[in-house]
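Chemist: Okay, here's the structure, questions in a sec.
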Amino acid sequence: MDNRQAIGSWLSGPRAAMEEAGADLGYRGEQLGLPEQGPGSIARPGRRLGALAVDWGLCLLIAYGLITDGYGQATSNWALSIFFVMSALTVGTLGFTPGKRLFGLRVLALDTGTVNPLRALLRTLLLCLALPALIWDRDGRGLHDRLARTVEVRL
């Protein structure tokens, strides 16, 4: 193996390197019984980050305009509190936040298909900690989704 191959496998990630070595990993969501593309398939990271940005922006706007009245140091703390409440309530009742709805995403429980409020509360708490959301499995599910036994899919 020359240096270009070693650097190329590093840049393309471990999944590409494993597939190049002959491992058949399948598509994202195959182990969960989800389709490869279209409605019901695993949500891609770009859509998920876009939905998160919309939700966070909405929470910042509410915190800045209605609660802190422009006091910048407290705005982030209030925005996180608003995000926690908004996400726990909307995911626990509707299955999506305003940002997820805008980007065509929905959170589903793996076993029942609907997310109950306690599962949504656990998922939201772990999401607010940020670190569990940064650790993903091969299906693209964050640790917060794995522990809450949920999956984020396309509508």
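Just remember, in the structure tokens the first chain shown is A, the second B, etc., residues are 1-based per chain, and ligands are 1-based in the order shown.
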Do you know which residues are at most 12 Å from range 83-88 of chain A counting only C-alpha atoms, after dropping those on the same chain fewer than 6 positions away, and could you put them as a PyMOL selection string?
Modeler: chain A and resi 51-63+75-77+94-100+107+115-130
Chemist: If we count only C-alpha atoms, what is near Leu155 in chain A at a cut-off of 10 Å, once residues fewer than 4 positions away on the same chain are taken out, given as a PDB file with N, CA and C atoms, in the first residue's frame?
Modeler:
```
ATOM      1  N   GLY A  38     -36.074   6.993   0.415  1.00  0.00           N
ATOM      2  CA  GLY A  38     -37.465   7.420   0.430  1.00  0.00           C
ATOM      3  C   GLY A  38     -38.056   7.494   1.820  1.00  0.00           C
ATOM      4  N   PRO A  39     -39.376   7.597   1.901  1.00  0.00           N
ATOM      5  CA  PRO A  39     -40.046   7.713   3.204  1.00  0.00           C
ATOM      6  C   PRO A  39     -39.776   6.499   4.093  1.00  0.00           C
ATOM      7  N   GLY A  40     -39.475   6.770   5.352  1.00  0.00           N
ATOM      8  CA  GLY A  40     -39.187   5.702   6.297  1.00  0.00           C
ATOM      9  C   GLY A  40     -37.732   5.305   6.373  1.00  0.00           C
ATOM     10  N   SER A  41     -36.885   5.900   5.518  1.00  0.00           N
ATOM     11  CA  SER A  41     -35.456   5.581   5.566  1.00  0.00           C
ATOM     12  C   SER A  41     -34.771   6.451   6.614  1.00  0.00           C
ATOM     13  N   ILE A  42     -33.584   6.032   7.012  1.00  0.00           N
ATOM     14  CA  ILE A  42     -32.809   6.775   8.013  1.00  0.00           C
ATOM     15  C   ILE A  42     -32.534   8.194   7.513  1.00  0.00           C
ATOM     16  N   ALA A  43     -32.726   9.167   8.389  1.00  0.00           N
ATOM     17  CA  ALA A  43     -32.463  10.563   8.045  1.00  0.00           C
ATOM     18  C   ALA A  43     -30.960  10.791   7.910  1.00  0.00           C
ATOM     19  N   LYS A 100     -37.637  19.659  12.558  1.00  0.00           N
ATOM     20  CA  LYS A 100     -37.742  18.327  11.955  1.00  0.00           C
ATOM     21  C   LYS A 100     -38.886  18.294  10.938  1.00  0.00           C
ATOM     22  N   ARG A 101     -39.988  18.927  11.259  1.00  0.00           N
ATOM     23  CA  ARG A 101     -41.127  18.967  10.341  1.00  0.00           C
ATOM     24  C   ARG A 101     -40.767  19.730   9.078  1.00  0.00           C
ATOM     25  N   PHE A 103     -37.865  20.010   7.733  1.00  0.00           N
ATOM     26  CA  PHE A 103     -36.932  19.217   6.937  1.00  0.00           C
ATOM     27  C   PHE A 103     -37.475  17.829   6.588  1.00  0.00           C
ATOM     28  N   GLY A 104     -38.716  17.538   6.960  1.00  0.00           N
ATOM     29  CA  GLY A 104     -39.336  16.264   6.596  1.00  0.00           C
ATOM     30  C   GLY A 104     -38.808  15.082   7.379  1.00  0.00           C
ATOM     31  N   LEU A 105     -38.626  15.256   8.695  1.00  0.00           N
ATOM     32  CA  LEU A 105     -38.110  14.189   9.548  1.00  0.00           C
ATOM     33  C   LEU A 105     -39.103  13.867  10.652  1.00  0.00           C
ATOM     34  N   ARG A 106     -38.984  12.668  11.191  1.00  0.00           N
ATOM     35  CA  ARG A 106     -39.842  12.234  12.286  1.00  0.00           C
ATOM     36  C   ARG A 106     -39.061  11.266  13.167  1.00  0.00           C
ATOM     37  N   VAL A 107     -39.318  11.303  14.465  1.00  0.00           N
ATOM     38  CA  VAL A 107     -38.682  10.388  15.406  1.00  0.00           C
ATOM     39  C   VAL A 107     -39.667   9.260  15.692  1.00  0.00           C
TER      40      VAL A 107
END
```
Chemist: Rank nothing, just name the residue among A:Leu89, A:Ala79, A:Leu102, A:Val153 nearest to Arg141 in chain A, using only C-alpha atoms.
Modeler: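 Smallest separation from Arg141 in chain A among the options: A:Val153.
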Chemist: Please return, as a ChimeraX atom specification, all residues of chain A that DSSP assigns to alpha helix (DSSP H) on the basis of the backbone.
Modeler: /A:3-12,14-20,45-62,72-93,98-102,117-129,131-134,143-148
Chemist: Would you please work out which residue, of A:Val91, A:Ala109, A:Ala74, A:Leu134, is nearest to Leu49 in chain A when using only C-alpha atoms?
Modeler: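 Ranked by minimum distance to Leu49 in chain A, first place goes to A:Leu134.
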Chemist: Measure the distance from CA of Gly113 in chain A to CA of Arg149 in chain A in Å and round it to one decimal.
Modeler: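 Interatomic distance here is 10.5 Å.
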Chemist: Contacts of Arg138 in chain A at 7 Å or less, counting only C-alpha atoms, minus same-chain residues fewer than 2 places along, as a PDB file with N, CA and C atoms, in the first residue's frame?
Modeler:
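Output (result-v2.pdb):
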```pdb
ATOM      1  N   ARG A  28     -27.538   1.982   5.408  1.00  0.00           N
ATOM      2  CA  ARG A  28     -27.936   2.496   6.714  1.00  0.00           C
ATOM      3  C   ARG A  28     -29.398   2.161   6.972  1.00  0.00           C
ATOM      4  N   TRP A 136     -21.979   8.121  16.943  1.00  0.00           N
ATOM      5  CA  TRP A 136     -22.921   7.480  16.027  1.00  0.00           C
ATOM      6  C   TRP A 136     -22.551   6.030  15.805  1.00  0.00           C
ATOM      7  N   GLY A 140     -26.048   5.427  11.564  1.00  0.00           N
ATOM      8  CA  GLY A 140     -26.177   6.867  11.642  1.00  0.00           C
ATOM      9  C   GLY A 140     -27.016   7.335  12.818  1.00  0.00           C
TER      10      GLY A 140
END
```
Chemist: From a backbone DSSP assignment, name each residue in range 5-151 of chain A labelled strand (DSSP E), as a PyMOL selection string.
Modeler: chain A and resi 105-109+150-151
Chemist: Next, dump the selected residues to file, keeping only N, CA and C atoms, as a PDB file, in the first residue's frame.
Modeler:
```pdb
ATOM      1  N   LEU A 105     -38.626  15.256   8.695  1.00  0.00           N
ATOM      2  CA  LEU A 105     -38.110  14.189   9.548  1.00  0.00           C
ATOM      3  C   LEU A 105     -39.103  13.867  10.652  1.00  0.00           C
ATOM      4  N   ARG A 106     -38.984  12.668  11.191  1.00  0.00           N
ATOM      5  CA  ARG A 106     -39.842  12.234  12.286  1.00  0.00           C
ATOM      6  C   ARG A 106     -39.061  11.266  13.167  1.00  0.00           C
ATOM      7  N   VAL A 107     -39.318  11.303  14.465  1.00  0.00           N
ATOM      8  CA  VAL A 107     -38.682  10.388  15.406  1.00  0.00           C
ATOM      9  C   VAL A 107     -39.667   9.260  15.692  1.00  0.00           C
ATOM     10  N   LEU A 108     -39.199   8.025  15.550  1.00  0.00           N
ATOM     11  CA  LEU A 108     -40.030   6.839  15.792  1.00  0.00           C
ATOM     12  C   LEU A 108     -39.369   5.942  16.818  1.00  0.00           C
ATOM     13  N   ALA A 109     -40.193   5.280  17.616  1.00  0.00           N
ATOM     14  CA  ALA A 109     -39.678   4.236  18.503  1.00  0.00           C
ATOM     15  C   ALA A 109     -39.503   2.970  17.672  1.00  0.00           C
ATOM     16  N   THR A 150     -34.899   4.824  19.742  1.00  0.00           N
ATOM     17  CA  THR A 150     -35.627   5.566  18.722  1.00  0.00           C
ATOM     18  C   THR A 150     -34.776   5.668  17.472  1.00  0.00           C
ATOM     19  N   VAL A 151     -35.393   6.112  16.405  1.00  0.00           N
ATOM     20  CA  VAL A 151     -34.707   6.332  15.155  1.00  0.00           C
ATOM     21  C   VAL A 151     -35.347   7.541  14.486  1.00  0.00           C
TER      22      VAL A 151
END
```
Chemist: Quick check, in Å to one decimal: how far apart do CA of Gly65 in chain A and CA of Thr93 in chain A lie?
Modeler: 26.3 Å
